[in-house]
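Working notes, structure below.
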Amino acid sequence: MKAVILTEAGGTENFSIEEIEVPVPQPKEVLVEVHAAAVNPVDMKTRKGGALLAQLQEQGQVILGWDISGVVHAAGKDVSLFKPGDEVFGMVNFPGNGRAYAEYVASPEGHLALKPKNISHEEAAATTLAALTAWQALTHEAKLGSGQQVLIHAAAGGVGHFAVQIAKHLGAKVIGTASASNAVFLKDIGVDLPIDYKTSRFEDQIDQVDVVLDPIGGETTERSLNTLKHGGVLVSIVGGVKDHLNSLIEEKEINAKNYMVRSNGSDMKALAALLEKGILQPNISHRFPLGKIADAHQQIETGRTRGKIVVTLI
């Protein structure tokens with residue numbers, strides 16, 4: 001099978017498309033013929049030498065990627081959830097070794113869900129790591145509920161645009177930051193109050209927010225604390241909650257936490273149900289064939305991608 005090998009940390013010139021052996025699924029794994037995969041910022045950070053690279057290098061040949069949609073080709077002897085021919089999607093082995101940039105991927109059955117028939121493999125692949133991050137952060141960590149106000153930063157991005165839709169589904173009022181060029185897009189996906197972060201300071205326009213979802217970090221995390229009501233919740237998915245913020249967090253009795261998404265088949269089923277009902281709709285702004293994986297990485301490295309980037313294999 002063809003796979004994208006990262007020969008060493010650094011630029012996209014270190015990607016090499018090679019023929020390697022098809023993985024053999026373990027007893028509780030399925031072998032998936034990949035039709036589409038998605039690219040995330042963590043892929044780019046890992047490729048450059050940060051994030052999860054050291055961990056992946058310990059396990060041998062490095063194949064990046066975690067998001068897949070495809071068809072079950074074979075099933076391990078103890079698999080009970082899926083059978084050959086099933087269309088499935090999910091985030092594989094995150095934060096471990098997903099090896100998604102390949103024609104075949106061996107995945108634990110518990111990391112996948114059946115792909116809804118009304119969406120394409122590209123749309124399914126797009127609704128994995130980013131959508132799971134938004135779902136887990138808002139439902140499990142923040143416990144966002146009806147009538148609450150949530151501030152979602154980078155609301156037009158991969159995690160952000162899913163978070164907006166999930167928050168609206170949960171009955172919350174959504175405030176979203178993005179550039180002015182994304183204002184119409186934000187309104188279309190359900191943002192009640194778009195804020196252009198380039199021309200105004202969000203903390204001057206809002207206060208008494210119940211929940212903040214922070215995919216930016218740095219000073220954005222600190223400034224966001226000032227928008228929260230007493231006892232509010234801030235979830236940073238980029239490690240933005242630092243020790244120097246503890247006094248402000250304690251003063252306002254804020255529940256501030258750093259969170260990393262985890263593979264979870266039950267959560268994938270919840271996302272599948274939202275996709276099937278049309279409640280969740282992925283925005284795919286760029287599509288690349290596997291042979292153009294370098295171009296996909298260069299696009300995500302711009303930091304200006306609306307929605308998701310998908311790599312097609314079939």
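Within each chain, counting starts at residue 1; across the structure tokens, chains are named A, B, ... in the order shown, with ligands numbered 1 upward in that order.
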- Message: If DSSP is run on the backbone, what residues of segment 109-273 of chain A are helix (DSSP H, G or I)? A reply as a ChimeraX atom specification would be ideal.
- Response: /A:109-111,121-126,129-141,158-169,180-189,202-204,219-225,243-251,265-273
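Residues surrounding Gly157 of chain A within 7 Å are Thr305, Arg306 and Gly307 of chain A [only C-alpha atoms; sequence separation below 6 positions excluded].
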Which segment 66-168 of chain A residues have any atom within 12 Å of an atom of segment 180-198 of chain A, and for each, what is the nearest pair of atoms with distance in Å to one decimal, counting only C-alpha atoms, rows sorted by chain and number, as JSON lines?
```
{"residue": "A:Gln149", "atom": "CA", "partner": "A:Asp192", "partner_atom": "CA", "distance": 10.0}
{"residue": "A:Val150", "atom": "CA", "partner": "A:Val191", "partner_atom": "CA", "distance": 10.1}
{"residue": "A:Leu151", "atom": "CA", "partner": "A:Leu193", "partner_atom": "CA", "distance": 9.4}
{"residue": "A:Ile152", "atom": "CA", "partner": "A:Val191", "partner_atom": "CA", "distance": 9.3}
{"residue": "A:His153", "atom": "CA", "partner": "A:Tyr197", "partner_atom": "CA", "distance": 9.2}
{"residue": "A:Ala154", "atom": "CA", "partner": "A:Tyr197", "partner_atom": "CA", "distance": 9.2}
{"residue": "A:Ala155", "atom": "CA", "partner": "A:Leu186", "partner_atom": "CA", "distance": 7.1}
{"residue": "A:Ala156", "atom": "CA", "partner": "A:Leu186", "partner_atom": "CA", "distance": 6.5}
{"residue": "A:Gly157", "atom": "CA", "partner": "A:Asn182", "partner_atom": "CA", "distance": 9.9}
{"residue": "A:Gly160", "atom": "CA", "partner": "A:Leu186", "partner_atom": "CA", "distance": 9.8}
{"residue": "A:His161", "atom": "CA", "partner": "A:Ile189", "partner_atom": "CA", "distance": 7.3}
{"residue": "A:Phe162", "atom": "CA", "partner": "A:Ile189", "partner_atom": "CA", "distance": 8.9}
{"residue": "A:Ala163", "atom": "CA", "partner": "A:Ile189", "partner_atom": "CA", "distance": 10.0}
{"residue": "A:Val164", "atom": "CA", "partner": "A:Gly190", "partner_atom": "CA", "distance": 6.5}
{"residue": "A:Gln165", "atom": "CA", "partner": "A:Ile189", "partner_atom": "CA", "distance": 6.4}
{"residue": "A:Ile166", "atom": "CA", "partner": "A:Gly190", "partner_atom": "CA", "distance": 9.7}
{"residue": "A:Ala167", "atom": "CA", "partner": "A:Gly190", "partner_atom": "CA", "distance": 9.0}
{"residue": "A:Lys168", "atom": "CA", "partner": "A:Gly190", "partner_atom": "CA", "distance": 6.7}
```
Selected residues, N, CA and C atoms, written as a PDB file, in the first residue's frame, please.
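Saved the output as again-v1.pdb:
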```pdb
ATOM      1  N   GLN A 149     -24.243  31.320  27.796  1.00  0.00           N
ATOM      2  CA  GLN A 149     -23.474  32.029  26.783  1.00  0.00           C
ATOM      3  C   GLN A 149     -22.094  31.394  26.666  1.00  0.00           C
ATOM      4  N   VAL A 150     -21.659  31.144  25.435  1.00  0.00           N
ATOM      5  CA  VAL A 150     -20.338  30.572  25.220  1.00  0.00           C
ATOM      6  C   VAL A 150     -19.563  31.451  24.255  1.00  0.00           C
ATOM      7  N   LEU A 151     -18.307  31.706  24.586  1.00  0.00           N
ATOM      8  CA  LEU A 151     -17.390  32.436  23.713  1.00  0.00           C
ATOM      9  C   LEU A 151     -16.483  31.419  23.043  1.00  0.00           C
ATOM     10  N   ILE A 152     -16.537  31.366  21.716  1.00  0.00           N
ATOM     11  CA  ILE A 152     -15.730  30.426  20.947  1.00  0.00           C
ATOM     12  C   ILE A 152     -14.725  31.220  20.113  1.00  0.00           C
ATOM     13  N   HIS A 153     -13.458  31.060  20.423  1.00  0.00           N
ATOM     14  CA  HIS A 153     -12.425  31.739  19.657  1.00  0.00           C
ATOM     15  C   HIS A 153     -12.112  30.955  18.380  1.00  0.00           C
ATOM     16  N   ALA A 154     -11.594  31.667  17.368  1.00  0.00           N
ATOM     17  CA  ALA A 154     -11.300  31.057  16.066  1.00  0.00           C
ATOM     18  C   ALA A 154     -12.510  30.263  15.587  1.00  0.00           C
ATOM     19  N   ALA A 155     -13.671  30.922  15.631  1.00  0.00           N
ATOM     20  CA  ALA A 155     -14.938  30.234  15.400  1.00  0.00           C
ATOM     21  C   ALA A 155     -15.122  29.759  13.966  1.00  0.00           C
ATOM     22  N   ALA A 156     -14.317  30.256  13.028  1.00  0.00           N
ATOM     23  CA  ALA A 156     -14.414  29.794  11.639  1.00  0.00           C
ATOM     24  C   ALA A 156     -13.451  28.655  11.342  1.00  0.00           C
ATOM     25  N   GLY A 157     -12.621  28.286  12.305  1.00  0.00           N
ATOM     26  CA  GLY A 157     -11.626  27.246  12.091  1.00  0.00           C
ATOM     27  C   GLY A 157     -12.191  25.847  12.230  1.00  0.00           C
ATOM     28  N   GLY A 160     -13.473  25.330  15.802  1.00  0.00           N
ATOM     29  CA  GLY A 160     -14.428  26.395  16.063  1.00  0.00           C
ATOM     30  C   GLY A 160     -15.749  26.236  15.347  1.00  0.00           C
ATOM     31  N   HIS A 161     -15.709  25.907  14.054  1.00  0.00           N
ATOM     32  CA  HIS A 161     -16.980  25.856  13.321  1.00  0.00           C
ATOM     33  C   HIS A 161     -17.839  24.669  13.751  1.00  0.00           C
ATOM     34  N   PHE A 162     -17.198  23.602  14.240  1.00  0.00           N
ATOM     35  CA  PHE A 162     -17.989  22.509  14.823  1.00  0.00           C
ATOM     36  C   PHE A 162     -18.527  22.913  16.197  1.00  0.00           C
ATOM     37  N   ALA A 163     -17.708  23.610  16.976  1.00  0.00           N
ATOM     38  CA  ALA A 163     -18.132  24.030  18.311  1.00  0.00           C
ATOM     39  C   ALA A 163     -19.342  24.944  18.243  1.00  0.00           C
ATOM     40  N   VAL A 164     -19.367  25.839  17.268  1.00  0.00           N
ATOM     41  CA  VAL A 164     -20.515  26.725  17.104  1.00  0.00           C
ATOM     42  C   VAL A 164     -21.789  25.915  16.897  1.00  0.00           C
ATOM     43  N   GLN A 165     -21.728  24.949  15.985  1.00  0.00           N
ATOM     44  CA  GLN A 165     -22.921  24.166  15.670  1.00  0.00           C
ATOM     45  C   GLN A 165     -23.361  23.305  16.845  1.00  0.00           C
ATOM     46  N   ILE A 166     -22.395  22.746  17.561  1.00  0.00           N
ATOM     47  CA  ILE A 166     -22.723  21.921  18.728  1.00  0.00           C
ATOM     48  C   ILE A 166     -23.331  22.782  19.825  1.00  0.00           C
ATOM     49  N   ALA A 167     -22.760  23.958  20.039  1.00  0.00           N
ATOM     50  CA  ALA A 167     -23.276  24.858  21.077  1.00  0.00           C
ATOM     51  C   ALA A 167     -24.709  25.286  20.776  1.00  0.00           C
ATOM     52  N   LYS A 168     -24.993  25.580  19.507  1.00  0.00           N
ATOM     53  CA  LYS A 168     -26.364  25.951  19.136  1.00  0.00           C
ATOM     54  C   LYS A 168     -27.310  24.772  19.351  1.00  0.00           C
TER      55      LYS A 168
END
```
Per residue of segment 196-310 of chain A within 10 Å of segment 90-99 of chain A, note the shortest atom pair and the distance in Å to one decimal, counting only C-alpha atoms, and order the rows by chain and increasing residue number, as a Markdown table.
```
| residue | atom | partner | partner_atom | distance |
| --- | --- | --- | --- | --- |
| A:Met260 | CA | A:Pro95 | CA | 8.3 |
| A:Val261 | CA | A:Phe94 | CA | 7.5 |
| A:Arg262 | CA | A:Phe94 | CA | 5.7 |
| A:Ser263 | CA | A:Phe94 | CA | 5.4 |
| A:Asn264 | CA | A:Met91 | CA | 7.9 |
| A:Gly265 | CA | A:Gly90 | CA | 7.5 |
| A:Asp267 | CA | A:Gly90 | CA | 9.6 |
| A:Met268 | CA | A:Gly90 | CA | 6.5 |
| A:Lys269 | CA | A:Gly90 | CA | 9.3 |
| A:Leu271 | CA | A:Gly90 | CA | 9.9 |
| A:Ala272 | CA | A:Gly90 | CA | 9.8 |
```
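From atom CA of Ile300 of chain A back to atom CA of Glu8 of chain A, the distance works out to 19.2 Å.
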- Message: With only C-alpha atoms as the counted atoms, please give the residues lying no more than 12 Å from Tyr104 of chain A, apart from itself and same-chain residues fewer than 4 positions off, as a PyMOL selection string.
- Response: chain A and resi 1-4+19-25+30-37+63+68-74+98-100+313-314
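With only C-alpha atoms as the basis for measurement, A:Ser107 is the residue among A:Gln59, A:Ser107, A:Ser266, A:Thr12 that approaches Pro27 of chain A most closely.
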- So which bits of segment 51-165 of chain A end up strand (DSSP E) when you DSSP the backbone, as JSON, numbers by chain? {"A": [67, 68, 69, 70, 71, 72, 73, 74, 75, 87, 88, 89, 90, 91, 104, 105, 106, 107, 108, 112, 113, 114, 149, 150, 151, 152]}
- Which residue of A:Leu275, A:Ala126, A:Ala75, A:Asp210 approaches Gly147 of chain A most closely, using only C-alpha atoms: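 The shortest atom-to-atom distance to Gly147 of chain A comes from A:Asp210.
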- Query: Which one is closest to Gly65 of chain A: A:Thr46, A:Ser80, A:Asn246, A:Ser179? Count only C-alpha atoms.
  - Reply: A:Thr46
- Using only C-alpha atoms, which residue out of A:Met44, A:Val39, A:Val233, A:Leu280 lies closest to Glu301 of chain A? A:Met44
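Of the residues under consideration (A:Ser200, A:Leu112, A:Glu123, A:Val79), A:Glu123 shows the shortest atom-to-atom contact distance to Ser285 of chain A when counting only C-alpha atoms.
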- Message: For a quick check of understanding, using only C-alpha atoms, which of A:Lys48, A:Lys257, A:Lys229, A:His121 has the smallest distance to Glu87 of chain A?
- Response: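 Of the candidates, the smallest distance to Glu87 of chain A is held by A:His121.
Contact shell of Ile206 of chain A at 7 Å (only C-alpha atoms; same-chain neighbours under 3 positions omitted): Phe202, Glu203 and Thr227 of chain A.
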- Task: For atom CA of Glu58 of chain A and atom CA of Ala9 of chain A, quote the distance in Å rounded to one decimal.
- Result: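 Going from atom CA of Glu58 of chain A over to atom CA of Ala9 of chain A covers 13.6 Å.
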- Task: Measure the distance from atom CA of Gln148 of chain A to atom CA of Gly171 of chain A in Å and round it to one decimal.
- Result: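 Between atom CA of Gln148 of chain A and atom CA of Gly171 of chain A the gap works out to 7.6 Å.
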